[in-house]
$ cat target-v4.txt   # compact mmCIF, C-alpha atoms
# COMPACT_ATOMS: atom_id res chain seq x y z
CA MET A 1 0.00 0.00 0.00
CA SER A 2 1.23 3.50 -0.78
CA PRO A 3 1.86 5.77 2.22
CA PRO A 4 -1.32 7.56 3.32
CA SER A 5 -1.61 11.14 2.17
CA SER A 6 -2.62 14.04 4.40
CA SER A 7 -6.22 14.92 5.08
CA THR A 8 -5.99 17.47 2.28
CA ALA A 9 -6.50 14.56 -0.08
CA ALA A 10 -9.88 13.98 1.46
CA ALA A 11 -10.98 17.50 0.72
CA THR A 12 -9.88 17.06 -2.89
CA SER A 13 -11.73 13.78 -3.28
CA THR A 14 -14.88 14.62 -1.37
CA THR A 15 -15.62 18.26 -2.18
CA GLY A 16 -15.44 18.00 -5.95
CA ASP A 17 -18.24 17.07 -8.32
CA GLN A 18 -20.04 14.28 -6.48
CA ALA A 19 -21.71 13.06 -9.64
CA SER A 20 -18.43 12.62 -11.46
CA ILE A 21 -16.90 10.76 -8.51
CA SER A 22 -19.90 8.48 -8.21
CA SER A 23 -19.69 7.69 -11.89
CA LEU A 24 -16.24 6.15 -11.46
CA PRO A 25 -16.10 2.35 -11.26
CA PRO A 26 -15.85 1.05 -7.65
CA ASP A 27 -12.52 -0.67 -8.27
CA ILE A 28 -11.02 2.64 -9.53
CA LEU A 29 -12.34 4.50 -6.49
CA GLN A 30 -11.04 1.88 -4.11
CA THR A 31 -7.67 1.20 -5.75
CA HIS A 32 -6.62 4.66 -6.95
CA ILE A 33 -8.31 7.02 -4.48
CA LEU A 34 -9.29 5.46 -1.15
CA THR A 35 -6.06 3.53 -0.70
CA HIS A 36 -4.14 6.83 -0.74
CA LEU A 37 -6.06 8.38 2.16
CA ASP A 38 -5.13 8.38 5.83
CA GLY A 39 -7.62 7.49 8.56
CA PRO A 40 -9.28 10.91 9.11
CA ALA A 41 -9.45 11.50 5.35
CA LEU A 42 -11.05 8.10 4.74
CA ALA A 43 -13.59 8.77 7.49
CA SER A 44 -14.45 12.09 5.81
CA ALA A 45 -14.74 10.42 2.42
CA ALA A 46 -17.29 8.00 3.85
CA CYS A 47 -19.62 10.96 4.47
CA ALA A 48 -19.61 12.14 0.85
CA SER A 49 -22.01 9.62 -0.69
CA LYS A 50 -23.56 6.21 -0.10
CA GLN A 51 -21.21 4.63 -2.63
CA LEU A 52 -18.11 6.08 -0.96
CA SER A 53 -19.48 5.16 2.44
CA SER A 54 -19.84 1.54 1.37
CA LEU A 55 -16.36 1.42 -0.13
CA ALA A 56 -14.70 3.34 2.71
CA PHE A 57 -15.89 0.79 5.27
CA GLN A 58 -13.96 -2.03 3.63
CA GLN A 59 -12.02 -3.69 6.45
CA HIS A 60 -8.85 -4.28 4.45
CA LEU A 61 -8.52 -0.52 3.87
CA TRP A 62 -8.64 0.13 7.61
CA ALA A 63 -6.31 -2.78 8.33
CA ASP A 64 -3.71 -1.28 5.98
CA ILE A 65 -4.15 2.14 7.59
CA CYS A 66 -3.74 0.66 11.09
CA HIS A 67 -0.50 -1.11 10.20
CA SER A 68 0.95 1.83 8.27
CA THR A 69 0.07 4.33 11.01
CA PHE A 70 1.23 2.01 13.81
CA PRO A 71 3.92 -0.30 12.30
CA SER A 72 4.32 -2.17 15.60
CA THR A 73 0.84 -3.66 15.13
CA ASP A 74 1.90 -5.46 11.96
CA ILE A 75 2.56 -8.78 13.69
CA SER A 76 0.49 -11.94 13.60
CA ARG A 77 -1.09 -11.71 17.06
CA LEU A 78 -2.06 -8.05 16.77
CA ARG A 79 -3.37 -8.51 13.23
CA ASN A 80 -5.73 -11.21 14.51
CA LEU A 81 -6.62 -9.18 17.59
CA ILE A 82 -7.40 -6.03 15.59
CA SER A 83 -9.64 -8.05 13.27
CA ALA A 84 -11.55 -9.28 16.33
CA PHE A 85 -12.46 -5.77 17.53
CA PRO A 86 -16.24 -5.06 17.52
CA ASP A 87 -16.04 -3.20 14.19
CA GLY A 88 -12.73 -4.67 13.05
CA PRO A 89 -9.70 -2.52 12.14
CA ARG A 90 -11.81 0.63 11.82
CA SER A 91 -12.90 0.26 15.45
CA PHE A 92 -9.29 -0.23 16.55
CA PHE A 93 -8.11 2.83 14.62
CA SER A 94 -10.94 4.93 16.03
CA ALA A 95 -9.83 4.00 19.56
CA ALA A 96 -6.05 4.20 19.03
CA PHE A 97 -5.68 7.30 16.84
CA PRO A 98 -7.05 10.09 19.10
CA LEU A 99 -4.84 11.56 21.81
CA LEU A 100 -6.24 10.46 25.13
CA SER A 101 -5.90 13.84 26.84
CA VAL A 102 -8.64 15.27 24.61
CA VAL A 103 -10.66 12.14 23.84
CA ASP A 104 -13.68 12.82 26.01
CA GLU A 105 -14.48 14.82 29.11
CA ALA A 106 -16.23 11.74 30.55
CA ILE A 107 -12.77 10.44 31.37
CA ASN A 108 -11.92 13.58 33.32
CA SER A 109 -15.18 14.07 35.17
CA GLY A 110 -16.91 12.53 38.14
CA ASN A 111 -19.73 11.21 35.97
CA ASN A 112 -17.99 8.25 34.39
CA ARG A 113 -20.38 5.83 32.78
CA ALA A 114 -20.67 2.34 34.14
CA VAL A 115 -17.78 0.03 33.36
CA ASN A 116 -18.88 -3.24 31.82
CA PHE A 117 -15.51 -5.01 31.62
CA ASP A 118 -13.44 -6.78 34.22
CA LEU A 119 -9.98 -5.41 34.96
CA PRO A 120 -7.60 -6.51 32.18
CA LEU A 121 -5.60 -9.65 32.91
CA GLU A 122 -3.04 -8.57 30.33
CA LEU A 123 -1.95 -5.35 28.66
CA ILE A 124 -0.24 -5.11 25.28
CA SER A 125 1.88 -2.05 24.51
CA ALA A 126 2.57 -1.24 20.86
CA VAL A 127 5.06 1.63 20.62
CA ASP A 128 6.36 3.48 17.55
CA ILE A 129 8.83 6.39 17.61
CA TYR A 130 9.54 8.62 14.60
CA TYR A 131 12.24 11.21 14.07
CA ARG A 132 11.74 13.53 11.11
CA ASN A 133 9.03 11.17 9.84
CA GLN A 134 11.48 8.25 9.87
CA LEU A 135 10.63 5.22 12.01
CA ILE A 136 13.46 4.72 14.50
CA PHE A 137 11.84 2.44 17.10
CA SER A 138 9.00 -0.07 16.94
CA ARG A 139 8.27 -2.70 19.54
CA VAL A 140 5.49 -4.68 21.24
CA VAL A 141 5.56 -5.76 24.90
CA GLU A 142 3.01 -7.93 26.70
CA THR A 143 2.44 -7.33 30.42
CA GLU A 144 0.49 -9.65 32.71
CA THR A 145 -1.57 -7.79 35.31
CA GLU A 146 -3.10 -10.58 37.38
CA SER A 147 -0.28 -11.43 39.80
CA GLY A 148 0.02 -9.96 43.27
CA TRP A 149 3.52 -8.78 42.43
CA PHE A 150 2.24 -6.59 39.59
CA ARG A 151 -0.65 -5.12 41.56
CA CYS A 152 1.42 -4.27 44.66
CA SER A 153 4.58 -3.03 42.94
CA PRO A 154 4.98 0.43 41.36
CA PHE A 155 3.38 0.35 37.91
CA ARG A 156 5.99 0.48 35.17
CA ILE A 157 6.19 -0.87 31.62
CA ASP A 158 9.63 -0.95 29.97
CA MET A 159 9.94 -1.41 26.22
CA LEU A 160 13.69 -2.09 26.43
CA ASP A 161 15.75 -4.41 28.60
CA PRO A 162 18.31 -2.59 30.82
CA LYS A 163 21.25 -3.52 28.56
CA ASP A 164 19.34 -3.16 25.30
CA THR A 165 19.74 -0.10 23.05
CA CYS A 166 18.45 1.05 19.68
CA PRO A 167 20.53 3.27 17.32
CA THR A 168 18.94 6.45 15.97
CA PRO A 169 19.86 9.33 13.63
CA ILE A 170 19.11 11.84 16.42
CA PRO A 171 22.19 14.08 16.86
CA HIS A 172 23.58 15.05 20.26
CA PRO A 173 22.05 18.45 21.11
CA ASN A 174 24.58 21.06 22.21
CA THR A 175 22.35 24.15 22.15
CA ASP A 176 18.81 25.07 23.10
CA ASP A 177 17.90 25.33 19.42
CA GLU A 178 19.10 21.78 18.77
CA ARG A 179 17.11 20.54 21.76
CA LYS A 180 14.04 22.35 20.46
CA SER A 181 14.59 20.69 17.10
CA ILE A 182 14.32 17.30 18.79
CA SER A 183 11.09 18.43 20.45
CA ASP A 184 9.65 19.43 17.07
CA GLU A 185 10.85 16.42 15.07
CA LEU A 186 10.30 13.55 17.55
CA THR A 187 6.90 11.84 17.72
CA LEU A 188 5.69 8.77 19.61
CA SER A 189 2.56 6.64 19.82
CA TRP A 190 1.97 4.29 22.73
CA ILE A 191 -1.06 2.14 21.97
CA LEU A 192 -2.22 0.28 25.07
CA ILE A 193 -4.45 -2.69 24.27
CA ASP A 194 -6.75 -4.75 26.49
CA PRO A 195 -6.90 -8.00 24.50
CA SER A 196 -9.67 -9.63 26.54
CA GLY A 197 -11.97 -6.59 26.32
CA ARG A 198 -11.01 -5.72 22.72
CA ARG A 199 -10.20 -2.14 23.74
CA ALA A 200 -7.36 0.22 22.88
CA MET A 201 -6.19 3.78 23.53
CA ASN A 202 -3.25 6.06 22.79
CA LEU A 203 -1.44 7.18 25.95
CA SER A 204 0.99 9.51 24.18
CA SER A 205 0.87 13.27 23.64
CA HIS A 206 2.33 12.50 20.16
CA LYS A 207 5.01 15.18 20.55
CA PRO A 208 7.14 15.63 23.68
CA VAL A 209 5.74 17.82 26.43
CA SER A 210 9.35 18.47 27.53
CA VAL A 211 12.89 17.72 26.32
CA GLN A 212 15.79 18.06 28.78
CA ARG A 213 19.50 17.32 28.60
CA HIS A 214 21.18 15.89 31.69
CA TRP A 215 23.99 18.23 32.72
CA LEU A 216 26.39 15.42 33.67
CA SER A 217 25.72 12.41 31.44
CA GLY A 218 24.58 14.41 28.41
CA GLU A 219 21.57 12.08 27.99
CA VAL A 220 18.43 13.56 26.48
CA HIS A 221 15.15 12.89 28.29
CA ALA A 222 12.04 13.37 26.14
CA ARG A 223 8.77 13.15 28.05
CA PHE A 224 5.37 12.39 26.55
CA ALA A 225 2.27 12.42 28.73
CA SER A 226 -1.48 12.22 29.09
CA VAL A 227 -3.48 13.44 32.07
CA LEU A 228 -6.38 11.47 33.57
CA ARG A 229 -8.50 11.68 36.68
CA GLY A 230 -7.88 9.19 39.46
CA GLU A 231 -9.89 8.54 42.58
CA LYS A 232 -7.95 11.18 44.53
CA GLY A 233 -7.29 13.73 41.80
CA PHE A 234 -5.54 14.00 38.48
CA VAL A 235 -2.68 11.69 37.52
CA GLN A 236 -0.06 11.79 34.80
CA CYS A 237 0.61 8.83 32.51
CA GLY A 238 4.21 9.73 31.77
CA ILE A 239 6.25 8.18 28.96
CA LEU A 240 9.99 8.75 29.22
CA VAL A 241 12.33 8.28 26.26
CA THR A 242 16.02 8.45 27.15
CA CYS A 243 18.64 8.84 24.42
CA GLY A 244 22.39 8.97 24.80
CA GLY A 245 25.70 7.38 23.88
CA GLY A 246 26.14 6.41 20.26
CA ILE A 247 29.20 6.71 18.07
CA GLU A 248 31.19 9.92 17.98
CA GLY A 249 29.81 12.28 15.38
CA GLY A 250 26.79 9.99 14.84
CA GLY A 251 23.34 9.62 16.32
CA MET A 252 22.35 8.79 19.86
CA GLN A 253 20.90 5.50 21.01
CA VAL A 254 17.49 4.95 22.58
CA ARG A 255 18.28 3.53 26.02
CA GLU A 256 14.91 3.68 27.76
CA VAL A 257 11.25 3.82 26.79
CA SER A 258 9.05 3.46 29.85
CA LEU A 259 5.56 4.24 31.13
CA GLN A 260 4.60 5.14 34.70
CA VAL A 261 1.56 6.69 36.41
CA GLU A 262 2.26 9.56 38.84
CA ASP A 263 -0.11 11.46 41.13
CA MET A 264 0.03 15.16 42.05
CA ASP A 265 2.22 14.44 45.07
CA GLY A 266 4.90 12.98 42.80
CA VAL A 267 4.18 9.43 43.97
CA PHE A 268 4.20 6.62 41.40
CA LEU A 269 1.05 4.51 41.65
CA ASN A 270 1.16 0.75 42.07
CA GLY A 271 -0.17 -1.71 39.55
CA LYS A 272 -3.61 -2.02 41.11
CA GLY A 273 -4.21 1.73 41.32
CA SER A 274 -2.89 2.35 37.82
CA LEU A 275 -4.93 -0.48 36.37
CA GLY A 276 -8.14 0.99 37.78
CA ILE A 277 -7.42 4.38 36.20
CA LEU A 278 -6.47 2.87 32.83
CA HIS A 279 -9.57 0.67 33.02
CA LYS A 280 -11.81 3.76 33.16
CA ALA A 281 -9.80 5.48 30.42
CA PHE A 282 -10.45 2.54 28.10
CA GLU A 283 -14.16 3.29 28.50
CA GLY A 284 -13.90 6.91 27.31
CA LYS A 285 -15.60 7.84 24.07
CA LYS A 286 -13.17 8.31 21.20
CA GLY A 287 -13.39 9.41 17.60
CA ILE A 288 -11.10 9.49 14.58
CA LYS A 289 -11.37 13.28 14.30
CA GLY A 290 -10.69 13.89 18.00
CA ARG A 291 -6.96 14.64 17.77
CA ASN A 292 -5.37 17.89 18.92
CA GLU A 293 -1.60 17.58 19.29
CA GLY A 294 -1.17 20.91 21.10
CA GLU A 295 -3.70 20.02 23.77
CA GLY A 296 -1.49 17.32 25.26
CA LYS A 297 1.20 19.82 26.26
CA ARG A 298 -1.38 22.24 27.65
CA LYS A 299 -2.91 19.48 29.77
CA TYR A 300 0.55 18.52 31.04
CA GLU A 301 1.41 22.13 31.92
CA GLY A 302 -1.92 22.41 33.73
CA PHE A 303 -1.09 19.25 35.67
CA LEU A 304 2.28 20.73 36.71
CA GLU A 305 0.55 23.92 37.84
CA MET A 306 -1.88 21.89 39.96
CA LYS A 307 1.09 20.03 41.46
CA ARG A 308 2.78 23.32 42.33
CA GLU A 309 -0.36 24.76 43.94
CA ARG A 310 -0.94 21.53 45.86
CA LYS A 311 2.63 21.59 47.16
CA GLU A 312 2.30 25.24 48.23
CA ARG A 313 -0.94 24.49 50.10
CA LYS A 314 0.74 21.56 51.79
CA VAL A 315 3.71 23.72 52.83
CA ARG A 316 1.35 26.41 54.19
CA THR A 317 -0.65 23.82 56.12
CA GLU A 318 2.48 22.26 57.58
CA GLY A 319 3.78 25.75 58.50
CA THR A 320 0.53 26.55 60.30
CA LEU A 321 0.69 23.25 62.19
CA ASP A 322 4.31 23.95 63.18
CA ILE A 323 3.32 27.36 64.54
CA LEU A 324 0.43 25.88 66.50
CA CYS A 325 2.69 23.18 67.92
CA VAL A 326 5.28 25.75 69.00
CA ALA A 327 2.59 27.98 70.53
CA PHE A 328 1.10 25.02 72.37
CA GLY A 329 4.54 24.07 73.68
CA VAL A 330 5.20 27.63 74.89
CA LEU A 331 1.83 27.83 76.62
CA ALA A 332 2.37 24.46 78.24
CA SER A 333 5.77 25.60 79.51
CA VAL A 334 4.28 28.84 80.91
CA PHE A 335 1.47 27.02 82.69
CA PHE A 336 3.92 24.49 84.10
CA ALA A 337 6.21 27.28 85.36
CA LEU A 338 3.28 29.08 86.96
CA PHE A 339 2.10 25.86 88.56
CA VAL A 340 5.55 25.22 90.04
CA PHE A 341 5.88 28.86 91.17
CA PHE A 342 2.59 28.98 93.04
CA THR A 343 2.96 25.55 94.60
$ encode --input "target-v4.txt" --output "structure tokens"
Amino acid sequence: MSPPSSSTAAATSTTGDQASISSLPPDILQTHILTHLDGPALASAACASKQLSSLAFQQHLWADICHSTFPSTDISRLRNLISAFPDGPRSFFSAAFPLLSVVDEAINSGNNRAVNFDLPLELISAVDIYYRNQLIFSRVVETETESGWFRCSPFRIDMLDPKDTCPTPIPHPNTDDERKSISDELTLSWILIDPSGRRAMNLSSHKPVSVQRHWLSGEVHARFASVLRGEKGFVQCGILVTCGGGIEGGGMQVREVSLQVEDMDGVFLNGKGSLGILHKAFEGKKGIKGRNEGEGKRKYEGFLEMKRERKERKVRTEGTLDILCVAFGVLASVFFALFVFFT
């Protein structure tokens, strides 16, 4: 299949003369037009006419789009799993394409609809990283979630073994402009799949919400994130990509790609707590057109602001308690001295 074009192609193919488009043979429409569209463009084309709607819902078109958009899903198990989704590959793409931070306010409100699935017994992570539109990392990791060890330990999914690395063309940044270039050119998708419930979602902000260079090691830490509501407030699903090393004059290596869930006190949640939050996020309404790449960073910055305000309130509360304790101690000392003096 040829690489999907931008959504501009949809406007070209769906806003022209509808009669002339409808007069084209179905095999021409499907082979020479629809196969060149990306997911949002194909969804728009389906609204143009009944004929296009029928052709645009062909499952093999959506399967090709899924595997070209998320190359990590192009393995036997995930191909079969995606086909088993309620509406096939189109249903999977509709769940995995939108950025979770702007999917639906039902996720981030107290009025979550009833959950009809049991907690996942397994999670599948399909991760793809691009630099300047070139695929530099693609991997699938399966994580069991049923054991007591998983549910009691801090939740963390690692896509690389500690001694494993992946070479990249990303240059070592020596200036702020070079670091900003990495922020603009690096993209990531982290598709989390519940195989038993046939559910999926994208936990990434697509572009980094922050890129920092360690002052000592020179490693670059790119953070992607989505913000969800937990039982005790908002939490951050943080994805950390660490790059460093590499050959002199060449690109860095990807040394770490990990996912953790952190609350507003900076505490990493355990497996059980994280699983409950992710379980509700799976239930959020999603749509192919619901993607806003700038919103992810704004949500993350809002989360950091809430963390700062929470910390300041905590410091003020602790300061007030300290003052009360000191005052109580002084009063107790005075009363004790008076008691001793008059007795």
$ closest_residue --input "target-v4.txt" --among "A:Leu55, A:Cys237, A:Ala200, A:Ala327" --to "Asp263 of chain A" --atoms "all atoms listed in the file"
A:Cys237
$ closest_residue --input "target-v4.txt" --among "A:Leu240, A:Phe224, A:Val340, A:Ile33" --to "Lys297 of chain A" --atoms "only C-alpha atoms"
A:Phe224
$ atom_distance --input "target-v4.txt" --atom1 "atom CA of Gly218 of chain A" --atom2 "atom CA of Ile239 of chain A"
19.4 Å
$ atom_distance --input "target-v4.txt" --atom1 "atom CA of Val241 of chain A" --atom2 "atom CA of Phe92 of chain A"
25.2 Å
$ residues_around --input "target-v4.txt" --residues "Ala281 of chain A" --least-positions-apart "3" --cutoff "8 Å" --atoms "all atoms listed in the file" --output "list in words"
Ile107, Met201, Leu228, Ile277, Leu278 and Gly284 of chain A
